[in-house]
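Student: Below is a structure I'd like to ask you about.
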Amino acid sequence: MVDALREARRVLSRRGVLIDLRPLVAPLVVEVIDGAETAWSREVATYSAPEDVASADAAVQTAVSSGWFVFEKSVAFDFEIVCDTVAELRDYANGRKLCGEEIPYGELEQRQAELGAPGPAPRLRCRRRWMLSTYRRKP
Amino acid sequence: MATEIDPARAMPRAILEAADLRDARILEAGAGDGRLTLQYAFQSRSVIGIDTKEPDIRLALARPMDTSETEAHGRVRFLCASATALPFPAERFEIVLLASSL
């Protein structure tokens with residue numbers, strides 16, 4: 001990880017900007033949504049492995065303390081996946097290694113059916129908290 | 001309706017608000033299939049997206065674009081490379097984006 005930051009510094013112009021974009025250690029939120037309303041919600045186990053996040057944080061700290069970069073700002077935001085069926089959500093989660101076994105697919109399917117009856121099925125949403133941080137290269 | 005990934009475009013918006021991309025040469029490490037790249041590249045001078053996963057890079061190169069991404073496409077290149085051994089000269093980029101690459 002430190003090697004990637006060293007390389008980033010090398011290829012950045014003087015006063016160039018490093019953007020570090022990655023998910024936070026926070027619960028994944030799965031929801032049944034009806035239009036703009038959240039009809040049912042459940043937090044599931046953290047996606048990101050805490051040890052990976054800790055290693056990444058340590059690498060950034062090394063880069064800053066070594067005088068390669070200066071921290072500028074951070075902003076957090078929600079990254080969302082919206083789909084119609086549990087099968088679609090499962091496909092996405094498996095493809096992205098989104099700890100699919102932690103997502104309560106059975107309960108989601110049941111809630112979706114209950115909340116939709118007798119009308120059209122409400123949609124499913126999966127939210128993850130991400131953080132974007134910027135650093136300025138030191139000349 | 002198909003699966004919608006980041007329908008609010010929260011991720012490209014965060015990038016566009018984080019730094020001045022105008023006239024910037026950008027390196028994106030961890031570009032994957034290029035989905036994110038094409039959503040902010042229209043603001044830049046150029047973007048090179050790299051990833052170590054060759055199948056993802058092949059997807060990026062073959063990626064169908066929606067109309068909002070067409071303008072970006074001519075500025076973007078994708079190649080297979082590692083963030084820890086970048087095949088570029090020093091001081092080549094104004095912005096380096098590490099997309100889940102740490």
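Each chain in the structure tokens gets a letter, A, B, ..., in the order shown, and its residues are numbered from 1; ligands are numbered from 1 in order too.
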Per residue of chain A within 6 Å of chain B, which atom pair is closest and at what distance in Å (one decimal), using only C-alpha atoms, listed by chain and increasing number, as a Markdown table?

Tutor:
| residue | atom | partner | partner_atom | distance |
| --- | --- | --- | --- | --- |
| A:Met1 | CA | B:Leu102 | CA | 5.4 |
| A:Asp3 | CA | B:Thr84 | CA | 5.3 |
| A:Ala4 | CA | B:Thr84 | CA | 4.3 |
| A:Arg10 | CA | B:Ala90 | CA | 5.3 |
| A:Val11 | CA | B:Glu91 | CA | 4.3 |
| A:Leu12 | CA | B:Glu91 | CA | 4.5 |
| A:Ser13 | CA | B:Glu91 | CA | 3.9 |
| A:Gly16 | CA | B:Glu94 | CA | 4.7 |
| A:Val17 | CA | B:Ile95 | CA | 4.8 |
| A:Leu18 | CA | B:Val96 | CA | 4.9 |
| A:Ile19 | CA | B:Leu97 | CA | 4.6 |
| A:Asp20 | CA | B:Leu98 | CA | 5.0 |
| A:Leu21 | CA | B:Ala99 | CA | 5.0 |
| A:Arg22 | CA | B:Ser100 | CA | 4.6 |
| A:Ala56 | CA | B:Leu102 | CA | 5.2 |
| A:Phe79 | CA | B:Asp6 | CA | 5.7 |
| A:Glu80 | CA | B:Asp6 | CA | 4.8 |
| A:Ile81 | CA | B:Ile5 | CA | 4.7 |
| A:Val82 | CA | B:Glu4 | CA | 5.0 |
| A:Cys83 | CA | B:Thr3 | CA | 4.4 |

Student: Could you please take those selected residues and save C-alpha atoms as an mmCIF file, in the first residue's frame?

Tutor:
data_model
loop_
_atom_site.group_PDB
_atom_site.id
_atom_site.type_symbol
_atom_site.label_atom_id
_atom_site.label_comp_id
_atom_site.auth_asym_id
_atom_site.auth_seq_id
_atom_site.Cartn_x
_atom_site.Cartn_y
_atom_site.Cartn_z
ATOM 1 C CA MET A 1 0.000 0.000 0.000
ATOM 2 C CA ASP A 3 4.365 1.404 -2.542
ATOM 3 C CA ALA A 4 1.216 2.563 -4.341
ATOM 4 C CA ARG A 10 6.238 10.049 -8.237
ATOM 5 C CA VAL A 11 3.803 10.447 -11.149
ATOM 6 C CA LEU A 12 1.979 13.432 -9.660
ATOM 7 C CA SER A 13 2.971 16.893 -10.781
ATOM 8 C CA GLY A 16 -0.827 17.576 -7.751
ATOM 9 C CA VAL A 17 -3.817 16.065 -5.970
ATOM 10 C CA LEU A 18 -4.177 12.522 -4.645
ATOM 11 C CA ILE A 19 -7.759 11.263 -4.238
ATOM 12 C CA ASP A 20 -8.259 8.255 -1.966
ATOM 13 C CA LEU A 21 -11.681 6.686 -2.535
ATOM 14 C CA ARG A 22 -12.794 3.639 -0.574
ATOM 15 C CA ALA A 56 -4.745 1.409 4.239
ATOM 16 C CA PHE A 79 -23.190 4.473 -2.685
ATOM 17 C CA GLU A 80 -26.456 2.796 -3.666
ATOM 18 C CA ILE A 81 -27.521 -0.233 -5.646
ATOM 19 C CA VAL A 82 -31.218 -0.394 -6.560
ATOM 20 C CA CYS A 83 -32.802 -3.471 -8.102
#

Student: Quick check for you: according to DSSP on this backbone, which residues of chain B are classed as strand (DSSP E)? Reply as a list of chain:residue names.

Tutor: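 After running DSSP on the backbone, chain B has strand (DSSP E) at B:Glu4, B:Ile5, B:Arg25, B:Ile26, B:Leu27, B:Glu28, B:Ala29, B:Ser46, B:Val47, B:Ile48, B:Gly49, B:Ile50, B:Asp51, B:Val76, B:Arg77, B:Phe78, B:Leu79, B:Cys80, B:Phe93, B:Glu94, B:Ile95, B:Val96, B:Leu97, B:Leu98, B:Ala99.
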
Student: Work out how far atom CA of Glu109 of chain A is from atom CA of Ala93 of chain A, in Å to one decimal.

Tutor: 15.3 Å

Student: Give me the residues within 8 Å of Asp56 of chain B as a compact mmCIF listing (two decimals) with N, CA and C atoms, in the first residue's frame, counting only C-alpha atoms and dropping any in the same chain fewer than 5 places off.

Tutor:
# COMPACT_ATOMS: atom_id res chain seq x y z
N GLY B 32 -11.18 -0.74 -12.85
CA GLY B 32 -12.12 -1.82 -13.08
C GLY B 32 -12.68 -1.80 -14.49
N ASP B 33 -14.00 -1.89 -14.59
CA ASP B 33 -14.63 -1.93 -15.92
C ASP B 33 -14.89 -0.53 -16.49
N ASP B 51 -5.86 -1.09 -14.17
CA ASP B 51 -6.31 -2.13 -13.23
C ASP B 51 -5.42 -3.35 -13.47

Student: Of the residues A:Trp68, A:Glu88, A:Ala26, A:Ala121, which is the one nearest to Glu7 of chain A, using only C-alpha atoms?

Tutor: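 Of the candidates, the smallest distance to Glu7 of chain A is held by A:Trp68.
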
Student: Where in segment 3-101 of chain B does DSSP assign alpha helix (DSSP H), given as a list in words?

Tutor: Ala10, Met11, Pro12, Arg13, Ala14, Ile15, Leu16, Glu17, Ala18, Thr37, Leu38, Gln39, Tyr40, Glu54, Pro55, Asp56, Ile57, Arg58, Leu59, Ala60, Leu61, Thr67, Ser68, Glu69, Thr70, Glu71, Ala72 and His73 of chain B

Student: Write the selection just made, keeping C-alpha atoms, as a compact mmCIF listing (two decimals), in the first residue's frame?

Tutor:
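Result went into part-v6.txt, see below:
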# COMPACT_ATOMS: atom_id res chain seq x y z
CA ALA B 10 -22.93 10.12 -5.73
CA MET B 11 -19.45 8.81 -6.50
CA PRO B 12 -18.69 10.88 -9.63
CA ARG B 13 -20.26 13.91 -7.96
CA ALA B 14 -17.93 13.52 -4.97
CA ILE B 15 -14.95 13.37 -7.34
CA LEU B 16 -16.07 16.40 -9.35
CA GLU B 17 -16.50 18.37 -6.12
CA ALA B 18 -13.21 17.21 -4.62
CA THR B 37 -14.19 6.68 -15.14
CA LEU B 38 -16.60 7.57 -17.90
CA GLN B 39 -18.82 9.46 -15.47
CA TYR B 40 -16.25 12.13 -14.60
CA GLU B 54 -7.20 -7.95 -17.36
CA PRO B 55 -10.83 -9.14 -17.74
CA ASP B 56 -12.01 -5.86 -16.21
CA ILE B 57 -9.82 -3.85 -18.57
CA ARG B 58 -11.26 -5.80 -21.52
CA LEU B 59 -14.75 -4.88 -20.26
CA ALA B 60 -13.73 -1.24 -19.96
CA LEU B 61 -12.41 -1.19 -23.51
CA THR B 67 -25.14 9.45 -24.23
CA SER B 68 -23.75 11.37 -21.26
CA GLU B 69 -20.51 9.39 -21.49
CA THR B 70 -19.88 9.84 -25.21
CA GLU B 71 -18.03 13.11 -24.75
CA ALA B 72 -15.75 11.50 -22.19
CA HIS B 73 -14.75 8.51 -24.23

Student: Hey, what's within 9 Å of segment 28-41 of chain A if we count only C-alpha atoms and toss same-chain stuff fewer than 3 positions away? As a CSV table (one decimal) with N, CA and C atoms, in the first residue's frame, please?

Tutor:
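Final output, out_7.csv:
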chain,number,residue,atom,x,y,z
A,44,VAL,N,-26.5,-4.9,8.0
A,44,VAL,CA,-25.9,-6.2,8.0
A,44,VAL,C,-24.4,-6.0,8.2
A,45,ALA,N,-23.7,-7.1,8.4
A,45,ALA,CA,-22.3,-7.0,8.8
A,45,ALA,C,-21.4,-6.1,7.9
A,46,THR,N,-20.4,-5.5,8.4
A,46,THR,CA,-19.5,-4.7,7.6
A,46,THR,C,-18.9,-5.4,6.4
A,47,TYR,N,-18.9,-4.7,5.3
A,47,TYR,CA,-18.3,-5.3,4.1
A,47,TYR,C,-16.8,-5.3,4.2
A,103,ILE,N,-26.1,-11.0,3.8
A,103,ILE,CA,-27.4,-10.3,3.4
A,103,ILE,C,-28.6,-11.2,3.6
A,104,PRO,N,-29.6,-10.8,4.3
A,104,PRO,CA,-30.7,-11.7,4.6
A,104,PRO,C,-31.7,-11.8,3.5
A,108,LEU,N,-35.5,-10.5,3.0
A,108,LEU,CA,-35.8,-9.4,2.1
A,108,LEU,C,-36.9,-9.8,1.1
A,111,ARG,N,-40.2,-9.7,2.9
A,111,ARG,CA,-40.7,-8.4,3.2
A,111,ARG,C,-41.2,-7.7,1.9
A,112,GLN,N,-40.4,-7.9,0.8
A,112,GLN,CA,-40.8,-7.3,-0.4
A,112,GLN,C,-42.2,-7.8,-0.9
A,115,LEU,N,-44.9,-6.3,1.5
A,115,LEU,CA,-45.1,-4.9,1.4
A,115,LEU,C,-45.7,-4.5,0.0
A,116,GLY,N,-45.5,-5.4,-0.9
A,116,GLY,CA,-46.0,-5.1,-2.3
A,116,GLY,C,-47.4,-5.6,-2.5
A,121,ALA,N,-44.4,-5.2,-6.8
A,121,ALA,CA,-43.4,-5.4,-5.7
A,121,ALA,C,-42.6,-4.1,-5.6
A,122,PRO,N,-42.4,-3.7,-4.3
A,122,PRO,CA,-41.4,-2.5,-4.1
A,122,PRO,C,-40.0,-3.0,-4.5
A,123,ARG,N,-39.1,-2.0,-4.7
A,123,ARG,CA,-37.8,-2.3,-5.1
A,123,ARG,C,-36.8,-2.5,-3.9
A,124,LEU,N,-35.7,-3.0,-4.2
A,124,LEU,CA,-34.7,-3.2,-3.1
A,124,LEU,C,-33.5,-2.3,-3.3
A,125,ARG,N,-33.0,-1.8,-2.2
A,125,ARG,CA,-31.8,-0.9,-2.2
A,125,ARG,C,-30.8,-1.4,-1.2
A,126,CYS,N,-29.5,-1.2,-1.6
A,126,CYS,CA,-28.4,-1.6,-0.8
A,126,CYS,C,-27.5,-0.4,-0.7
A,127,ARG,N,-27.2,0.1,0.5
A,127,ARG,CA,-26.4,1.3,0.7
A,127,ARG,C,-25.1,1.0,1.4
A,128,ARG,N,-24.1,1.6,0.9
A,128,ARG,CA,-22.8,1.5,1.6
A,128,ARG,C,-22.2,2.9,1.8
A,129,ARG,N,-21.6,3.1,2.9
A,129,ARG,CA,-21.0,4.4,3.2
A,129,ARG,C,-19.5,4.4,2.6

Student: B:Arg75, B:Gly49, B:Pro64, B:Asp23: which is nearest Leu36 of chain B, counting only C-alpha atoms?

Tutor: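 Residue with the minimum atom-to-atom distance to Leu36 of chain B: B:Gly49.
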
Student: Kindly give the distance, in Å, that separates atom CA of Glu107 of chain A and atom CA of Gly119 of chain A, rounded to a single decimal.

Tutor: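 Separating atom CA of Glu107 of chain A from atom CA of Gly119 of chain A is a distance of 19.0 Å.
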